[in-house]
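What follows is the content of final26.pdb (PDB, C-alpha atoms, pLDDT in the B column).
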```
ATOM      1  CA  LYS A   1     108.583  97.146 113.103  1.00 83.00           C
ATOM      2  CA  GLN A   2     105.429  98.706 111.698  1.00 88.00           C
ATOM      3  CA  GLU A   3     102.418  98.694 113.995  1.00 92.00           C
ATOM      4  CA  VAL A   4      98.985  99.930 112.967  1.00 95.00           C
ATOM      5  CA  THR A   5      96.318 100.933 115.455  1.00 95.00           C
ATOM      6  CA  GLN A   6      92.691 101.857 114.905  1.00 96.00           C
ATOM      7  CA  ILE A   7      90.480 103.875 117.198  1.00 92.00           C
ATOM      8  CA  PRO A   8      87.731 103.412 118.154  1.00 92.00           C
ATOM      9  CA  ALA A   9      87.363  99.640 118.176  1.00 93.00           C
ATOM     10  CA  ALA A  10      83.605 100.001 117.822  1.00 95.00           C
ATOM     11  CA  LEU A  11      81.274 102.830 116.958  1.00 95.00           C
ATOM     12  CA  SER A  12      77.503 103.133 116.843  1.00 97.00           C
ATOM     13  CA  VAL A  13      75.868 106.164 115.253  1.00 96.00           C
ATOM     14  CA  PRO A  14      72.376 107.126 114.083  1.00 97.00           C
ATOM     15  CA  GLU A  15      71.705 107.243 110.382  1.00 97.00           C
ATOM     16  CA  GLY A  16      72.681 110.510 108.718  1.00 97.00           C
ATOM     17  CA  GLU A  17      75.603 111.370 110.956  1.00 96.00           C
ATOM     18  CA  ASN A  18      79.034 112.216 109.619  1.00 97.00           C
ATOM     19  CA  LEU A  19      81.785 110.181 111.268  1.00 95.00           C
ATOM     20  CA  VAL A  20      85.554 109.789 111.376  1.00 96.00           C
ATOM     21  CA  LEU A  21      87.552 106.601 111.800  1.00 97.00           C
ATOM     22  CA  ASN A  22      91.162 106.874 112.888  1.00 97.00           C
ATOM     23  CA  CYS A  23      94.244 104.902 111.924  1.00 97.00           C
ATOM     24  CA  SER A  24      97.753 105.364 113.354  1.00 97.00           C
ATOM     25  CA  PHE A  25     101.015 103.800 112.184  1.00 95.00           C
ATOM     26  CA  THR A  26     104.420 103.856 113.828  1.00 93.00           C
ATOM     27  CA  ASP A  27     106.747 103.860 110.804  1.00 88.00           C
ATOM     28  CA  SER A  28     106.220 106.715 108.355  1.00 86.00           C
ATOM     29  CA  ALA A  29     108.195 104.938 105.596  1.00 87.00           C
ATOM     30  CA  ILE A  30     105.131 103.567 103.834  1.00 88.00           C
ATOM     31  CA  TYR A  31     104.343 103.212 100.137  1.00 87.00           C
ATOM     32  CA  ASN A  32     100.646 103.709 100.590  1.00 90.00           C
ATOM     33  CA  LEU A  33      97.753 103.228 102.956  1.00 94.00           C
ATOM     34  CA  GLN A  34      94.589 101.362 102.047  1.00 95.00           C
ATOM     35  CA  TRP A  35      91.198 101.440 103.689  1.00 97.00           C
ATOM     36  CA  PHE A  36      89.043  98.323 103.432  1.00 96.00           C
ATOM     37  CA  ARG A  37      85.562  97.321 104.378  1.00 96.00           C
ATOM     38  CA  GLN A  38      84.714  93.836 105.622  1.00 94.00           C
ATOM     39  CA  ASP A  39      81.183  92.564 105.961  1.00 93.00           C
ATOM     40  CA  PRO A  40      80.499  89.624 108.311  1.00 87.00           C
ATOM     41  CA  GLY A  41      81.756  86.362 106.855  1.00 82.00           C
ATOM     42  CA  LYS A  42      83.103  88.087 103.760  1.00 85.00           C
ATOM     43  CA  GLY A  43      86.453  89.083 102.333  1.00 88.00           C
ATOM     44  CA  LEU A  44      87.878  92.580 102.121  1.00 93.00           C
ATOM     45  CA  THR A  45      86.599  95.267  99.776  1.00 93.00           C
ATOM     46  CA  SER A  46      89.076  98.015  98.952  1.00 93.00           C
ATOM     47  CA  LEU A  47      87.599 101.462  99.533  1.00 96.00           C
ATOM     48  CA  LEU A  48      90.414 103.927  99.033  1.00 95.00           C
ATOM     49  CA  LEU A  49      94.168 103.887  98.501  1.00 93.00           C
ATOM     50  CA  ILE A  50      96.314 106.894  99.350  1.00 93.00           C
ATOM     51  CA  GLN A  51      99.823 106.942  97.969  1.00 90.00           C
ATOM     52  CA  SER A  52     102.598 108.178 100.230  1.00 89.00           C
ATOM     53  CA  SER A  53     102.919 111.353  98.138  1.00 90.00           C
ATOM     54  CA  GLN A  54      99.213 112.173  98.445  1.00 92.00           C
ATOM     55  CA  ARG A  55      97.295 113.808 101.262  1.00 94.00           C
ATOM     56  CA  GLU A  56      93.758 112.612 100.550  1.00 95.00           C
ATOM     57  CA  GLN A  57      91.515 110.578  98.304  1.00 95.00           C
ATOM     58  CA  THR A  58      87.770 110.780  97.803  1.00 96.00           C
ATOM     59  CA  SER A  59      85.184 108.329  96.564  1.00 95.00           C
ATOM     60  CA  GLY A  60      81.545 109.259  96.865  1.00 97.00           C
ATOM     61  CA  ARG A  61      80.704 109.819 100.535  1.00 97.00           C
ATOM     62  CA  LEU A  62      84.140 108.613 101.619  1.00 97.00           C
ATOM     63  CA  ASN A  63      87.220 110.753 102.111  1.00 97.00           C
ATOM     64  CA  ALA A  64      90.531 109.439 103.385  1.00 97.00           C
ATOM     65  CA  SER A  65      93.423 111.601 104.475  1.00 97.00           C
ATOM     66  CA  LEU A  66      97.055 110.776 105.150  1.00 96.00           C
ATOM     67  CA  ASP A  67      99.580 112.629 107.302  1.00 95.00           C
ATOM     68  CA  LYS A  68     102.825 110.680 107.123  1.00 91.00           C
ATOM     69  CA  SER A  69     104.725 112.982 109.468  1.00 91.00           C
ATOM     70  CA  SER A  70     102.320 112.316 112.315  1.00 94.00           C
ATOM     71  CA  GLY A  71     101.671 108.693 111.322  1.00 94.00           C
ATOM     72  CA  ARG A  72      97.936 109.142 110.926  1.00 96.00           C
ATOM     73  CA  SER A  73      95.156 108.492 108.475  1.00 97.00           C
ATOM     74  CA  THR A  74      91.463 109.189 108.824  1.00 97.00           C
ATOM     75  CA  LEU A  75      88.440 107.875 106.971  1.00 97.00           C
ATOM     76  CA  TYR A  76      85.561 110.317 106.867  1.00 97.00           C
ATOM     77  CA  ILE A  77      82.108 108.971 106.047  1.00 97.00           C
ATOM     78  CA  ALA A  78      79.492 111.568 105.217  1.00 98.00           C
ATOM     79  CA  ALA A  79      75.761 111.121 105.779  1.00 97.00           C
ATOM     80  CA  SER A  80      76.099 107.581 107.111  1.00 97.00           C
ATOM     81  CA  GLN A  81      73.577 104.900 106.085  1.00 97.00           C
ATOM     82  CA  PRO A  82      72.653 101.541 107.629  1.00 97.00           C
ATOM     83  CA  GLY A  83      74.353  99.896 104.642  1.00 97.00           C
ATOM     84  CA  ASP A  84      77.648 101.374 105.836  1.00 97.00           C
ATOM     85  CA  SER A  85      77.573  99.013 108.824  1.00 97.00           C
ATOM     86  CA  ALA A  86      80.677  96.831 108.612  1.00 97.00           C
ATOM     87  CA  THR A  87      84.208  96.517 109.958  1.00 96.00           C
ATOM     88  CA  TYR A  88      86.616  99.057 108.533  1.00 97.00           C
ATOM     89  CA  LEU A  89      90.287  98.159 108.317  1.00 97.00           C
ATOM     90  CA  CYS A  90      93.255 100.300 107.446  1.00 97.00           C
ATOM     91  CA  ALA A  91      96.490  98.787 106.187  1.00 95.00           C
ATOM     92  CA  ALA A  92      99.914 100.295 105.627  1.00 94.00           C
ATOM     93  CA  ARG A  93     101.993  98.929 102.786  1.00 89.00           C
ATOM     94  CA  THR A  94     105.562  98.622 103.919  1.00 79.00           C
ATOM     95  CA  GLY A  95     108.624  99.369 101.868  1.00 68.00           C
ATOM     96  CA  GLY A  96     111.310  96.928 100.799  1.00 66.00           C
ATOM     97  CA  ALA A  97     111.025  94.028  98.405  1.00 65.00           C
ATOM     98  CA  THR A  98     107.817  92.677  99.918  1.00 71.00           C
ATOM     99  CA  ASN A  99     104.715  94.728  99.374  1.00 76.00           C
ATOM    100  CA  LYS A 100     102.925  93.251 102.348  1.00 86.00           C
ATOM    101  CA  LEU A 101     100.193  95.084 104.165  1.00 91.00           C
ATOM    102  CA  ILE A 102     100.266  95.620 107.910  1.00 93.00           C
ATOM    103  CA  PHE A 103      96.693  95.766 109.122  1.00 95.00           C
ATOM    104  CA  GLY A 104      95.065  97.582 111.982  1.00 95.00           C
ATOM    105  CA  THR A 105      92.649  95.760 114.269  1.00 90.00           C
ATOM    106  CA  GLY A 106      89.633  97.405 112.686  1.00 94.00           C
ATOM    107  CA  THR A 107      86.675  99.550 113.705  1.00 96.00           C
ATOM    108  CA  LEU A 108      83.276  97.875 113.890  1.00 96.00           C
ATOM    109  CA  LEU A 109      80.722 100.420 112.697  1.00 97.00           C
ATOM    110  CA  ALA A 110      76.986 100.148 113.300  1.00 97.00           C
ATOM    111  CA  VAL A 111      74.711 102.730 111.723  1.00 97.00           C
ATOM    112  CA  GLN A 112      71.293 102.673 113.355  1.00 96.00           C
ATOM    113  CA  PRO A 113      68.239 103.368 111.157  1.00 94.00           C
TER     114      PRO A 113
ATOM    115  CA  GLY B 114      86.401  91.129  85.017  1.00 56.00           C
ATOM    116  CA  ALA B 115      86.661  88.301  87.500  1.00 82.00           C
ATOM    117  CA  GLY B 116      88.106  89.015  90.895  1.00 92.00           C
ATOM    118  CA  VAL B 117      90.276  86.879  93.122  1.00 94.00           C
ATOM    119  CA  SER B 118      88.657  83.521  93.792  1.00 95.00           C
ATOM    120  CA  GLN B 119      89.392  81.042  96.561  1.00 96.00           C
ATOM    121  CA  SER B 120      88.335  77.491  97.221  1.00 96.00           C
ATOM    122  CA  PRO B 121      86.943  75.927  99.221  1.00 97.00           C
ATOM    123  CA  SER B 122      84.938  78.636 100.963  1.00 95.00           C
ATOM    124  CA  ASN B 123      84.742  76.510 104.098  1.00 96.00           C
ATOM    125  CA  LYS B 124      86.860  73.617 105.278  1.00 97.00           C
ATOM    126  CA  VAL B 125      86.373  71.546 108.399  1.00 97.00           C
ATOM    127  CA  THR B 126      89.104  69.071 109.211  1.00 97.00           C
ATOM    128  CA  GLU B 127      90.312  66.942 112.058  1.00 97.00           C
ATOM    129  CA  LYS B 128      93.435  67.745 114.002  1.00 97.00           C
ATOM    130  CA  GLY B 129      96.470  66.163 112.392  1.00 97.00           C
ATOM    131  CA  LYS B 130      95.124  66.104 108.840  1.00 98.00           C
ATOM    132  CA  ASP B 131      96.669  68.034 105.945  1.00 98.00           C
ATOM    133  CA  VAL B 132      94.671  70.666 104.054  1.00 98.00           C
ATOM    134  CA  GLU B 133      95.146  72.527 100.782  1.00 98.00           C
ATOM    135  CA  LEU B 134      93.663  75.931 100.081  1.00 98.00           C
ATOM    136  CA  ARG B 135      93.522  77.337  96.560  1.00 97.00           C
ATOM    137  CA  CYS B 136      93.725  80.867  95.201  1.00 97.00           C
ATOM    138  CA  ASP B 137      93.103  82.104  91.658  1.00 96.00           C
ATOM    139  CA  PRO B 138      94.399  85.680  91.306  1.00 94.00           C
ATOM    140  CA  ILE B 139      93.098  88.326  88.957  1.00 93.00           C
ATOM    141  CA  SER B 140      94.315  87.634  85.440  1.00 91.00           C
ATOM    142  CA  GLY B 141      97.502  89.554  84.699  1.00 88.00           C
ATOM    143  CA  HIS B 142      98.389  90.204  88.329  1.00 90.00           C
ATOM    144  CA  THR B 143     101.880  88.941  89.005  1.00 88.00           C
ATOM    145  CA  ALA B 144     101.939  89.587  92.745  1.00 90.00           C
ATOM    146  CA  LEU B 145     100.066  87.221  95.065  1.00 93.00           C
ATOM    147  CA  TYR B 146      99.746  87.295  98.835  1.00 94.00           C
ATOM    148  CA  TRP B 147      98.360  85.040 101.526  1.00 96.00           C
ATOM    149  CA  TYR B 148      97.072  86.473 104.797  1.00 96.00           C
ATOM    150  CA  ARG B 149      95.434  84.898 107.812  1.00 96.00           C
ATOM    151  CA  GLN B 150      92.665  86.403 109.906  1.00 94.00           C
ATOM    152  CA  SER B 151      92.130  84.911 113.323  1.00 91.00           C
ATOM    153  CA  LEU B 152      90.293  86.134 116.404  1.00 81.00           C
ATOM    154  CA  GLY B 153      93.337  86.541 118.556  1.00 69.00           C
ATOM    155  CA  GLN B 154      95.789  87.907 115.977  1.00 74.00           C
ATOM    156  CA  GLY B 155      93.821  90.038 113.568  1.00 83.00           C
ATOM    157  CA  LEU B 156      94.931  90.013 109.943  1.00 91.00           C
ATOM    158  CA  GLU B 157      98.526  88.928 109.412  1.00 93.00           C
ATOM    159  CA  PHE B 158     100.753  88.426 106.406  1.00 93.00           C
ATOM    160  CA  LEU B 159     101.867  84.894 105.567  1.00 95.00           C
ATOM    161  CA  ILE B 160     103.667  84.758 102.209  1.00 94.00           C
ATOM    162  CA  TYR B 161     104.248  86.819  99.053  1.00 92.00           C
ATOM    163  CA  PHE B 162     104.935  85.752  95.467  1.00 91.00           C
ATOM    164  CA  GLN B 163     106.149  88.134  92.759  1.00 87.00           C
ATOM    165  CA  GLY B 164     106.489  86.647  89.297  1.00 81.00           C
ATOM    166  CA  ASN B 165     109.227  84.052  89.160  1.00 79.00           C
ATOM    167  CA  SER B 166     111.188  85.480  92.093  1.00 83.00           C
ATOM    168  CA  ALA B 167     111.748  83.494  95.265  1.00 84.00           C
ATOM    169  CA  PRO B 168     108.757  84.009  97.554  1.00 88.00           C
ATOM    170  CA  ASP B 169     108.928  85.938 100.812  1.00 89.00           C
ATOM    171  CA  LYS B 170     107.958  83.328 103.389  1.00 91.00           C
ATOM    172  CA  SER B 171     108.743  85.461 106.410  1.00 89.00           C
ATOM    173  CA  GLY B 172     105.178  85.411 107.712  1.00 92.00           C
ATOM    174  CA  LEU B 173     104.653  81.653 107.759  1.00 94.00           C
ATOM    175  CA  PRO B 174     104.083  80.679 111.414  1.00 93.00           C
ATOM    176  CA  SER B 175     105.719  77.253 111.295  1.00 94.00           C
ATOM    177  CA  ASP B 176     107.267  74.724 108.940  1.00 95.00           C
ATOM    178  CA  ARG B 177     103.892  72.989 108.718  1.00 97.00           C
ATOM    179  CA  PHE B 178     102.852  75.799 106.399  1.00 97.00           C
ATOM    180  CA  SER B 179     103.982  75.953 102.782  1.00 96.00           C
ATOM    181  CA  ALA B 180     102.754  77.516  99.580  1.00 95.00           C
ATOM    182  CA  GLU B 181     103.478  77.264  95.920  1.00 94.00           C
ATOM    183  CA  ARG B 182     102.469  79.133  92.842  1.00 93.00           C
ATOM    184  CA  THR B 183     102.359  77.210  89.606  1.00 83.00           C
ATOM    185  CA  GLY B 184     102.912  78.930  86.273  1.00 80.00           C
ATOM    186  CA  GLY B 185     102.837  82.327  87.903  1.00 76.00           C
ATOM    187  CA  SER B 186      99.088  82.112  88.430  1.00 89.00           C
ATOM    188  CA  VAL B 187      97.212  79.742  90.753  1.00 94.00           C
ATOM    189  CA  SER B 188      98.572  79.337  94.280  1.00 96.00           C
ATOM    190  CA  THR B 189      98.057  76.596  96.837  1.00 97.00           C
ATOM    191  CA  LEU B 190      98.596  77.036 100.574  1.00 97.00           C
ATOM    192  CA  THR B 191      99.216  73.730 102.330  1.00 97.00           C
ATOM    193  CA  ILE B 192      98.979  73.177 106.057  1.00 98.00           C
ATOM    194  CA  GLN B 193     100.323  69.853 107.281  1.00 98.00           C
ATOM    195  CA  ARG B 194      99.315  68.146 110.511  1.00 98.00           C
ATOM    196  CA  THR B 195      96.736  70.816 111.278  1.00 98.00           C
ATOM    197  CA  GLN B 196      96.342  72.091 114.825  1.00 97.00           C
ATOM    198  CA  GLN B 197      93.377  73.813 116.433  1.00 96.00           C
ATOM    199  CA  GLU B 198      95.245  77.110 116.495  1.00 94.00           C
ATOM    200  CA  ASP B 199      95.329  76.980 112.681  1.00 96.00           C
ATOM    201  CA  SER B 200      91.585  77.683 112.660  1.00 96.00           C
ATOM    202  CA  ALA B 201      91.167  81.023 110.905  1.00 96.00           C
ATOM    203  CA  VAL B 202      90.068  82.652 107.688  1.00 96.00           C
ATOM    204  CA  TYR B 203      92.784  82.453 105.049  1.00 97.00           C
ATOM    205  CA  LEU B 204      92.673  85.331 102.596  1.00 96.00           C
ATOM    206  CA  CYS B 205      94.429  85.609  99.265  1.00 96.00           C
ATOM    207  CA  ALA B 206      95.138  88.883  97.466  1.00 94.00           C
ATOM    208  CA  SER B 207      96.714  89.881  94.174  1.00 92.00           C
ATOM    209  CA  SER B 208      98.067  93.085  92.702  1.00 90.00           C
ATOM    210  CA  PRO B 209      99.720  94.228  89.483  1.00 87.00           C
ATOM    211  CA  ALA B 210     103.470  93.853  89.075  1.00 72.00           C
ATOM    212  CA  GLY B 211     106.088  95.982  90.701  1.00 62.00           C
ATOM    213  CA  VAL B 212     106.402  98.197  93.729  1.00 62.00           C
ATOM    214  CA  ARG B 213     104.454 101.188  92.485  1.00 67.00           C
ATOM    215  CA  ALA B 214     102.809 103.138  95.251  1.00 61.00           C
ATOM    216  CA  ASP B 215      99.438 103.012  93.503  1.00 70.00           C
ATOM    217  CA  ASN B 216      99.274  99.215  93.390  1.00 78.00           C
ATOM    218  CA  GLU B 217      96.161  98.134  95.227  1.00 86.00           C
ATOM    219  CA  GLN B 218      95.788  94.680  96.661  1.00 89.00           C
ATOM    220  CA  PHE B 219      92.531  92.976  95.776  1.00 91.00           C
ATOM    221  CA  PHE B 220      91.266  90.300  98.117  1.00 93.00           C
ATOM    222  CA  GLY B 221      89.362  87.098  97.585  1.00 94.00           C
ATOM    223  CA  PRO B 222      86.421  85.992  99.770  1.00 93.00           C
ATOM    224  CA  GLY B 223      88.631  83.786 101.936  1.00 95.00           C
ATOM    225  CA  THR B 224      88.587  80.186 103.099  1.00 97.00           C
ATOM    226  CA  ARG B 225      87.288  79.583 106.603  1.00 96.00           C
ATOM    227  CA  LEU B 226      89.278  76.717 108.120  1.00 97.00           C
ATOM    228  CA  THR B 227      88.031  74.970 111.225  1.00 97.00           C
ATOM    229  CA  VAL B 228      90.229  72.361 112.872  1.00 97.00           C
ATOM    230  CA  LEU B 229      88.344  70.115 115.276  1.00 96.00           C
TER     231      LEU B 229
END
```
This structure in structure tokens:
Amino acid sequence: KQEVTQIPAALSVPEGENLVLNCSFTDSAIYNLQWFRQDPGKGLTSLLLIQSSQREQTSGRLNASLDKSSGRSTLYIAASQPGDSATYLCAARTGGATNKLIFGTGTLLAVQP
Amino acid sequence: GAGVSQSPSNKVTEKGKDVELRCDPISGHTALYWYRQSLGQGLEFLIYFQGNSAPDKSGLPSDRFSAERTGGSVSTLTIQRTQQEDSAVYLCASSPAGVRADNEQFFGPGTRLTVL
């Protein structure tokens, strides 16, 4: 059974810092891994998707990496801004006929101005 | 284009009543998912529809929960005889057809259900 864990649960950093969010999964047989952002009271916004055959994806100040063999993914945020404050969720898409996502518990990020 | 939409955005109901939650997926997306986000359980999968295939209902927590998808588009999640532990945010997502590894799931804003 796939289990996804995120560390740390919460993180507070001053504006301008580079930071790394961690995601671990127990079953390496994944189709892809998605990183999402969730603002309070809102739905999920997809940030990056890394296919199982890829090692990283970049979008602006965001870079996500995937190491299937070790069951890890990281989300790197460069030059953090107060607007980056949100909960970040990673989700592993399982194999088989159902393309369901197994979500981590999230990292609550606060970027202090 | 338009994203995934859900209605209502908020629903308050009394214990024992039935509720219906609606999801409109992105046009052309044949895959539709329901998830639930609650304080104690995080975000968990409920049910998956792919085209006209039989849905995967493996995530539904009890037989009080059911969902249908009419015409391969709009979906309704029904909770009968609601209980307080059903209080959560119910999220709907859609994605293009098939099992391609680059298929992203796009989420709606969710319906916040409160059972008094």
Legend entry - Exercise: stretch 176-188 of chain B partners within 7 Å, all atoms listed in the file, chain neighbours under 6 positions left out, as number ranges by chain: B: 135-138, 143, 164-165, 194
Please identify every residue of chain B that has at least one atom no farther than 6 Å from an atom of chain A, counting only C-alpha atoms, and for each give the shortest atom pair and the distance in Å to one decimal, arranged by chain then increasing number, as JSON lines.
```
{"residue": "B:Gly155", "atom": "CA", "partner": "A:Thr105", "partner_atom": "CA", "distance": 5.9}
{"residue": "B:Ala214", "atom": "CA", "partner": "A:Tyr31", "partner_atom": "CA", "distance": 5.1}
{"residue": "B:Asp215", "atom": "CA", "partner": "A:Gln51", "partner_atom": "CA", "distance": 6.0}
{"residue": "B:Phe220", "atom": "CA", "partner": "A:Leu44", "partner_atom": "CA", "distance": 5.7}
{"residue": "B:Gly221", "atom": "CA", "partner": "A:Gly43", "partner_atom": "CA", "distance": 5.9}
{"residue": "B:Pro222", "atom": "CA", "partner": "A:Gly43", "partner_atom": "CA", "distance": 4.0}
{"residue": "B:Gly223", "atom": "CA", "partner": "A:Gly43", "partner_atom": "CA", "distance": 5.7}
```
Inset, instruction - Give me the result of the PyMOL selection byres ((chain B and resi 219) around 6) on this file, residue by residue, as number ranges by chain. - result: B: 206-207, 218, 220
Inset, instruction - To verify the selection step, state as a PyMOL selection string which residues the PyMOL selection byres ((chain A and resi 5-16) around 10) yields on this input. - result: chain A and resi 3-4+17-26+72-74+77-85+87-91+103-113
Inset, instruction - Go ahead and compute the interatomic distance for atom CA of B:Ile192 and atom CA of B:Gly129, in Å to one decimal. - result: 9.8 Å
Inset, instruction - State, in Å with one decimal place, the distance from atom CA of A:Ser65 to atom CA of B:Pro209. - result: 23.8 Å
Inset, instruction - Report the residues retrieved by the PyMOL selection byres ((chain B and resi 131) around 9) from the displayed file, expressed as a VMD selection string. - result: chain B and resid 126 to 130 132 to 133 191 to 195
Inset, instruction - Please measure the separation of atom CA of B:Asp169 and atom CA of B:Tyr146, giving the value in Å to one decimal. - result: 9.5 Å
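Those residues that approach stretch 148-154 of chain B to within 10 Å, counting only C-alpha atoms, are Lys100, Leu101 and Thr105 of chain A; Leu159, Ile160, Tyr161, Gly172, Leu173, Glu198, Asp199, Ser200, Ala201, Val202, Tyr203, Leu204, Cys205, Ala206, Phe220, Gly223, Thr224 and Arg225 of chain B; same-chain residues fewer than 5 positions away are not listed.
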Could those selected residues go to a file with C-alpha atoms, as a PDB file, in the coordinates of the input?
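Output file again_24.pdb follows:
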```pdb
ATOM      1  CA  LYS A 100     102.925  93.251 102.348  1.00 86.00           C
ATOM      2  CA  LEU A 101     100.193  95.084 104.165  1.00 91.00           C
ATOM      3  CA  THR A 105      92.649  95.760 114.269  1.00 90.00           C
TER       4      THR A 105
ATOM      5  CA  LEU B 159     101.867  84.894 105.567  1.00 95.00           C
ATOM      6  CA  ILE B 160     103.667  84.758 102.209  1.00 94.00           C
ATOM      7  CA  TYR B 161     104.248  86.819  99.053  1.00 92.00           C
ATOM      8  CA  GLY B 172     105.178  85.411 107.712  1.00 92.00           C
ATOM      9  CA  LEU B 173     104.653  81.653 107.759  1.00 94.00           C
ATOM     10  CA  GLU B 198      95.245  77.110 116.495  1.00 94.00           C
ATOM     11  CA  ASP B 199      95.329  76.980 112.681  1.00 96.00           C
ATOM     12  CA  SER B 200      91.585  77.683 112.660  1.00 96.00           C
ATOM     13  CA  ALA B 201      91.167  81.023 110.905  1.00 96.00           C
ATOM     14  CA  VAL B 202      90.068  82.652 107.688  1.00 96.00           C
ATOM     15  CA  TYR B 203      92.784  82.453 105.049  1.00 97.00           C
ATOM     16  CA  LEU B 204      92.673  85.331 102.596  1.00 96.00           C
ATOM     17  CA  CYS B 205      94.429  85.609  99.265  1.00 96.00           C
ATOM     18  CA  ALA B 206      95.138  88.883  97.466  1.00 94.00           C
ATOM     19  CA  PHE B 220      91.266  90.300  98.117  1.00 93.00           C
ATOM     20  CA  GLY B 223      88.631  83.786 101.936  1.00 95.00           C
ATOM     21  CA  THR B 224      88.587  80.186 103.099  1.00 97.00           C
ATOM     22  CA  ARG B 225      87.288  79.583 106.603  1.00 96.00           C
TER      23      ARG B 225
END
```
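Among B:Asn216, B:Gln163, B:Thr227, B:Ser208, the residue with the shortest atom-to-atom distance to B:Lys124, counting all atoms listed in the file, is B:Thr227.
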